[in-house]
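Notes for the one structure printed next.
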Amino acid sequence: MTDVPRSAAPGAPQALSPDEQLALTGERTVPGIAAENYWFRRHEIAYAHILRRCSGRRVLEAGSGEGYGAAMLTDAGAEVLCVDYDESAVAHTRRRYPQVEIVQGNLIALPVPDASVDVVVNFQVIEHLWDQPSFIAECARVLRPGGELLISTPNRITFSPGRDTPLNPFHTRELDARELAELLTDGGFAVSAMLGVYHGAGLARLDRKWGGSLIDAQIQRALAGRPWPEDLVDDVAGIEVGDFDVRGAGTTDIDSSLDLLAIAVRP
C-alpha cells in the first residue's frame, strides 16, 4: 500500500490552462487530461509510496518530466534537485512548480557533485535510456554511502508481452524484475526490495467491465481513432492514486505486476 492516504490525491485530474500544461507527446504522462488520467495515476502511485521515505532528505530526481512528482516530494518535506534533458520540460517545471529546483542536463553525465545526495529517484525513465549501465554508475557516484536509488519502470513481461522490442516507440530497453535487479547489482548496488504496481479492487472491477482489460479498452480506441464512449471517459477520469496497489515480491507474483519499483542501496 502507499505511504499516504487515499485522500492525498484528488479524483478527476484538475484541468489546466494551456500555458500551464506541458504538451502531451506520448513520451511522458502529464496531469490535467481526463483521457490520460489512468497513466498519470499509475505513475503517481510510485511517488505516493516513497513520500515518507524521502522526507527530510536531499533528493535528486533524475528525469523529472512534467515536474509533478518533484513537487509532491518537495511538499512532503524533501529537499529536491531535478535534472531533465528536455529544455521545454525544464522551463515548464520552473513556471508551474516554483518550489522545485531544476537544471537541464544529461542523465549519464549528471551535473551533480560526488556523494552529495541521499536519494536518487528515477521513475518511468530508465526504459528511455540508451546507456542504462552508465546511468546507474552516475547514480552511484552522486549518492552518499548508504544512499538509496529508487527506480520505477514498466514491467517488460506485461507491458510488451511476447516481444523482443518495446511496444512504446520512445522506449529503448524494457526490463523485467530479474533484469532490473541484475542491472543494479552489476552497478554495485544492493537491492533491498523489488516491488510491483498492481490494479486494486476498483480497477479490477473496471477491467471486468471493459472486457477484461481497461488498458486494452483505452489503447484499442486510441489506435482506431474512435471517440471514447462517455462512460469510458468517466471511468478513466475518476481513477485515483489509491486505486493502485504496491506489493512486495514476497507477497505476490512480481512477474504479473504492471510496473516495477526497485529500492537499491549504495554500499
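Chain labels A, B, ... are given in the sequence in which chains occur in the C-alpha cells; within each chain residues are numbered consecutively from 1, and ligands are likewise numbered from 1 in the order shown.
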Using DSSP assignments from the backbone, pull out every residue in segment 8-233 of chain A that falls under strand (DSSP E or B) and give it to me as a tab-separated table (two decimals) with C-alpha atoms, in the first residue's frame.
```
chain	number	residue	atom	x	y	z
A	58	ARG	CA	18.38	15.55	-0.11
A	59	VAL	CA	16.79	14.01	-3.23
A	60	LEU	CA	17.91	14.09	-6.83
A	61	GLU	CA	15.17	13.33	-9.33
A	62	ALA	CA	16.93	12.19	-12.49
A	79	GLU	CA	14.97	18.90	-0.48
A	80	VAL	CA	14.73	18.17	-4.20
A	81	LEU	CA	17.02	18.89	-7.14
A	82	CYS	CA	15.75	17.83	-10.57
A	83	VAL	CA	17.73	17.12	-13.72
A	84	ASP	CA	15.96	16.68	-17.05
A	101	GLU	CA	14.92	23.40	-8.13
A	102	ILE	CA	15.69	22.09	-11.63
A	103	VAL	CA	18.57	22.17	-14.10
A	104	GLN	CA	18.92	20.91	-17.65
A	117	VAL	CA	22.58	13.35	-2.28
A	118	ASP	CA	20.76	10.89	-0.03
A	119	VAL	CA	18.28	9.55	-2.60
A	120	VAL	CA	18.08	9.33	-6.38
A	121	VAL	CA	14.57	8.98	-7.80
A	122	ASN	CA	14.25	7.73	-11.39
A	123	PHE	CA	10.64	6.96	-12.23
A	143	LEU	CA	24.86	9.14	-3.82
A	144	ARG	CA	26.37	9.23	-0.36
A	145	PRO	CA	27.36	5.86	1.17
A	146	GLY	CA	24.16	4.19	2.32
A	147	GLY	CA	22.09	6.32	-0.04
A	148	GLU	CA	19.16	4.86	-1.95
A	149	LEU	CA	18.35	4.60	-5.64
A	150	LEU	CA	14.59	4.31	-6.28
A	151	ILE	CA	13.63	3.19	-9.79
A	152	SER	CA	10.23	2.55	-11.31
A	153	THR	CA	9.81	1.18	-14.83
A	154	PRO	CA	7.21	-0.75	-16.83
A	155	ASN	CA	7.43	-4.50	-16.33
A	175	LEU	CA	13.20	-4.72	-18.11
A	190	ALA	CA	22.39	-3.96	-3.17
A	191	VAL	CA	18.71	-4.44	-3.98
A	192	SER	CA	16.80	-4.19	-0.71
A	193	ALA	CA	13.29	-4.51	-2.21
A	194	MET	CA	11.63	-5.27	-5.53
A	195	LEU	CA	8.04	-4.09	-5.51
A	196	GLY	CA	5.27	-4.17	-8.08
A	197	VAL	CA	2.36	-1.89	-9.02
A	198	TYR	CA	-0.98	-3.66	-9.46
A	199	HIS	CA	-4.62	-2.82	-10.01
```
Applying 10 Å and only C-alpha atoms, which residues near Val246 of chain A remain after dropping the ones on its own chain fewer than 2 positions away? List them as a short mmCIF file (atom, residue, chain, number, x, y, z; two decimals) with C-alpha atoms, in the first residue's frame.
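File result.cif, as written:
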```
data_model
loop_
_atom_site.label_atom_id
_atom_site.label_comp_id
_atom_site.auth_asym_id
_atom_site.auth_seq_id
_atom_site.Cartn_x
_atom_site.Cartn_y
_atom_site.Cartn_z
CA MET A 1 0.00 0.00 0.00
CA THR A 2 1.03 3.63 -0.33
CA ASP A 3 2.66 5.69 2.41
CA ILE A 45 1.39 5.83 -7.16
CA ALA A 46 5.16 5.29 -7.12
CA HIS A 49 4.68 5.27 -1.98
CA LEU A 195 8.04 -4.09 -5.51
CA GLY A 196 5.27 -4.17 -8.08
CA VAL A 197 2.36 -1.89 -9.02
CA TYR A 198 -0.98 -3.66 -9.46
CA HIS A 199 -4.62 -2.82 -10.01
CA GLY A 200 -6.57 -2.58 -6.79
CA GLY A 242 -5.38 4.83 -4.24
CA PHE A 244 -3.46 1.09 -7.44
CA GLY A 248 6.38 -6.72 -2.34
CA ALA A 249 7.84 -9.57 -4.36
CA SER A 257 3.00 -6.61 -11.96
CA ASP A 259 5.30 -1.64 -13.16
CA LEU A 260 8.36 -2.41 -11.07
CA LEU A 261 9.60 -0.31 -8.16
#
```
>> Considering only helix (DSSP H, G or I) as DSSP defines it on the backbone, what residues of segment 26-242 of chain A qualify? List them as a VMD selection string.
In response: chain A and resid 34 to 54 68 to 75 87 to 96 126 to 128 132 to 142 156 to 159 177 to 186 201 to 209 214 to 224 230 to 237 241 to 242
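Neighbouring residues of Arg156 of chain A at 6 Å or closer, counting only C-alpha atoms and skipping chain neighbours under 2 positions away, are Pro154, Thr158, Phe159, Ser160, Glu174, Leu175 and Asp176 of chain A.
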>> As an exercise, work out the distance from atom CA of Tyr85 of chain A to atom CA of Ile126 of chain A in Å and give it to one decimal place.
In response: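 If I compute the distance from atom CA of Tyr85 of chain A to atom CA of Ile126 of chain A, I get 13.0 Å.
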